[in-house]
file start.cif (mmCIF, C-alpha atoms)
data_work
#
loop_
_atom_site.label_atom_id
_atom_site.label_comp_id
_atom_site.auth_asym_id
_atom_site.auth_seq_id
_atom_site.Cartn_x
_atom_site.Cartn_y
_atom_site.Cartn_z
CA MET A 23 25.30 25.87 35.48
CA SER A 24 26.67 26.31 32.03
CA GLU A 25 24.51 27.81 29.36
CA ALA A 26 24.06 26.15 26.01
CA PRO A 27 25.53 28.22 23.19
CA ASP A 28 22.99 30.24 21.25
CA VAL A 29 23.34 28.62 17.86
CA ASN A 30 20.76 29.47 15.22
CA ARG A 31 20.48 26.35 13.08
CA GLY A 32 17.30 27.39 11.36
CA PRO A 33 13.86 25.86 11.66
CA VAL A 34 13.62 22.18 12.48
CA VAL A 35 10.68 21.53 10.15
CA THR A 36 11.49 22.63 6.64
CA PRO A 37 9.81 21.82 3.31
CA VAL A 38 12.73 19.54 2.41
CA ARG A 39 12.32 17.56 5.63
CA VAL A 40 8.58 17.24 5.03
CA VAL A 41 9.29 15.79 1.57
CA VAL A 42 11.83 13.38 3.09
CA ALA A 43 9.24 12.23 5.63
CA LEU A 44 6.61 11.74 2.94
CA CYS A 45 9.04 9.72 0.82
CA LEU A 46 9.71 7.41 3.76
CA ILE A 47 6.10 7.14 4.96
CA ALA A 48 4.44 6.53 1.56
CA PRO A 49 5.55 2.87 1.20
CA PHE A 50 4.36 2.02 4.71
CA ALA A 51 1.00 3.67 4.18
CA SER A 52 0.48 1.96 0.83
CA MET A 53 1.28 -1.49 2.22
CA LEU A 54 -0.80 -1.05 5.38
CA TRP A 55 -3.93 -0.21 3.37
CA VAL A 56 -4.46 -3.84 2.34
CA SER A 57 -8.06 -3.47 1.18
CA SER A 58 -6.85 -1.24 -1.67
CA TYR A 59 -4.87 -4.08 -3.29
CA ALA A 60 -6.50 -7.27 -1.97
CA LYS A 61 -7.85 -8.36 -5.35
CA THR A 62 -6.80 -10.47 -8.31
CA ASP A 63 -7.72 -8.19 -11.23
CA PRO A 64 -6.09 -6.65 -13.18
CA THR A 65 -3.47 -9.27 -13.92
CA PHE A 66 -0.10 -8.34 -15.38
CA ILE A 67 1.53 -11.03 -17.55
CA GLY A 68 -0.54 -13.61 -15.68
CA ILE A 69 0.39 -12.34 -12.20
CA PRO A 70 -2.55 -11.31 -9.97
CA PHE A 71 -2.73 -7.67 -8.88
CA PHE A 72 -2.10 -8.57 -5.22
CA TYR A 73 1.40 -9.80 -6.04
CA TRP A 74 2.58 -7.40 -8.73
CA TYR A 75 1.36 -4.38 -6.75
CA GLN A 76 3.57 -5.36 -3.82
CA MET A 77 6.54 -6.08 -6.08
CA ALA A 78 6.07 -2.69 -7.76
CA TRP A 79 6.27 -1.06 -4.35
CA VAL A 80 9.66 -2.71 -3.75
CA VAL A 81 11.03 -0.76 -6.72
CA ILE A 82 9.09 2.41 -5.84
CA SER A 83 10.29 2.24 -2.22
CA THR A 84 13.88 1.95 -3.38
CA GLY A 85 13.50 5.06 -5.50
CA LEU A 86 11.76 7.02 -2.75
CA THR A 87 14.42 6.01 -0.21
CA MET A 88 17.17 7.13 -2.59
CA ILE A 89 15.42 10.48 -3.10
CA ALA A 90 14.95 10.90 0.66
CA TYR A 91 18.63 10.13 1.30
CA TRP A 92 19.77 12.57 -1.38
CA LEU A 93 17.52 15.35 -0.04
CA TRP A 94 18.62 14.68 3.54
CA GLN A 95 22.32 14.86 2.62
CA ARG A 96 21.72 18.09 0.69
CA ASP A 97 19.85 19.55 3.67
CA GLN A 98 22.63 18.58 6.07
CA ARG A 99 25.33 20.12 3.84
CA ALA A 100 23.28 23.34 3.60
CA ARG A 101 22.84 23.47 7.39
CA LYS A 102 26.54 22.88 7.96
CA ALA A 103 27.44 25.64 5.46
CA GLN A 104 24.90 27.98 7.07
CA GLY A 105 26.34 27.36 10.53
CA GLY A 106 29.82 28.32 9.45
CA ALA A 107 33.12 26.80 10.48
CA GLY A 108 32.31 26.90 14.20
CA ALA A 109 29.37 24.50 13.99
#
call {"tool": "encode", "arguments": {"input": "start.cif", "output": "structure tokens"}}
result
Amino acid sequence: MSEAPDVNRGPVVTPVRVVVALCLIAPFASMLWVSSYAKTDPTFIGIPFFYWYQMAWVVISTGLTMIAYWLWQRDQRARKAQGGAGA
């Protein structure tokens, strides 16, 4: 049998990856906790809280996804540079 090469790629769970996971999980957690936003007050320009809260999370989710993507790309470039030309 052939042995897998001993390549040290660093730890799998890093602080950057934890932040990426939190950025991607936060929108799901906030939308699944319906009792926290199932109300009409406070209204915003005549729109009940239930609706504008969800629409706000569309924008927030976009921002968090962009941050997660940027951090992930940075992490991958750092891992590739750490591994050298042979990786």
call {"tool": "resolve_selection", "arguments": {"input": "start.cif", "expression": "the PyMOL selection byres ((chain A and resi 53-58) around 12)", "output": "list in words"}}
result
Ile47, Ala48, Pro49, Phe50, Ala51, Ser52, Tyr59, Ala60, Lys61, Thr62, Asp63, Phe71, Phe72, Tyr73, Tyr75, Gln76, Met77, Ala78, Trp79, Val80, Ile82 and Ser83 of chain A
call {"tool": "closest_residue", "arguments": {"input": "start.cif", "among": "A:Pro33, A:Pro64, A:Pro70, A:Val38", "to": "Gln95 (chain A)", "atoms": "only C-alpha atoms"}}
result
A:Val38
call {"tool": "residues_around", "arguments": {"input": "start.cif", "residues": "Val41 (chain A)", "least_positions_apart": "4", "cutoff": "9 Å", "atoms": "only C-alpha atoms", "output": "PDB file with C-alpha atoms, in the frame of the given file"}}
result
ATOM      1  CA  THR A  36      11.490  22.630   6.640  1.00  0.00           C
ATOM      2  CA  PRO A  37       9.810  21.820   3.310  1.00  0.00           C
ATOM      3  CA  CYS A  45       9.040   9.720   0.820  1.00  0.00           C
ATOM      4  CA  LEU A  46       9.710   7.410   3.760  1.00  0.00           C
ATOM      5  CA  ALA A  90      14.950  10.900   0.660  1.00  0.00           C
ATOM      6  CA  LEU A  93      17.520  15.350  -0.040  1.00  0.00           C
TER       7      LEU A  93
END
call {"tool": "atom_distance", "arguments": {"input": "start.cif", "atom1": "CA of Ile89 (chain A)", "atom2": "CA of Val34 (chain A)"}}
result
19.6 Å
call {"tool": "closest_residue", "arguments": {"input": "start.cif", "among": "A:Ile67, A:Arg101, A:Ala43, A:Trp74", "to": "Thr87 (chain A)", "atoms": "all atoms listed in the file"}}
result
A:Ala43
call {"tool": "atom_distance", "arguments": {"input": "start.cif", "atom1": "CA of Val35 (chain A)", "atom2": "CA of Leu86 (chain A)"}}
result
19.4 Å
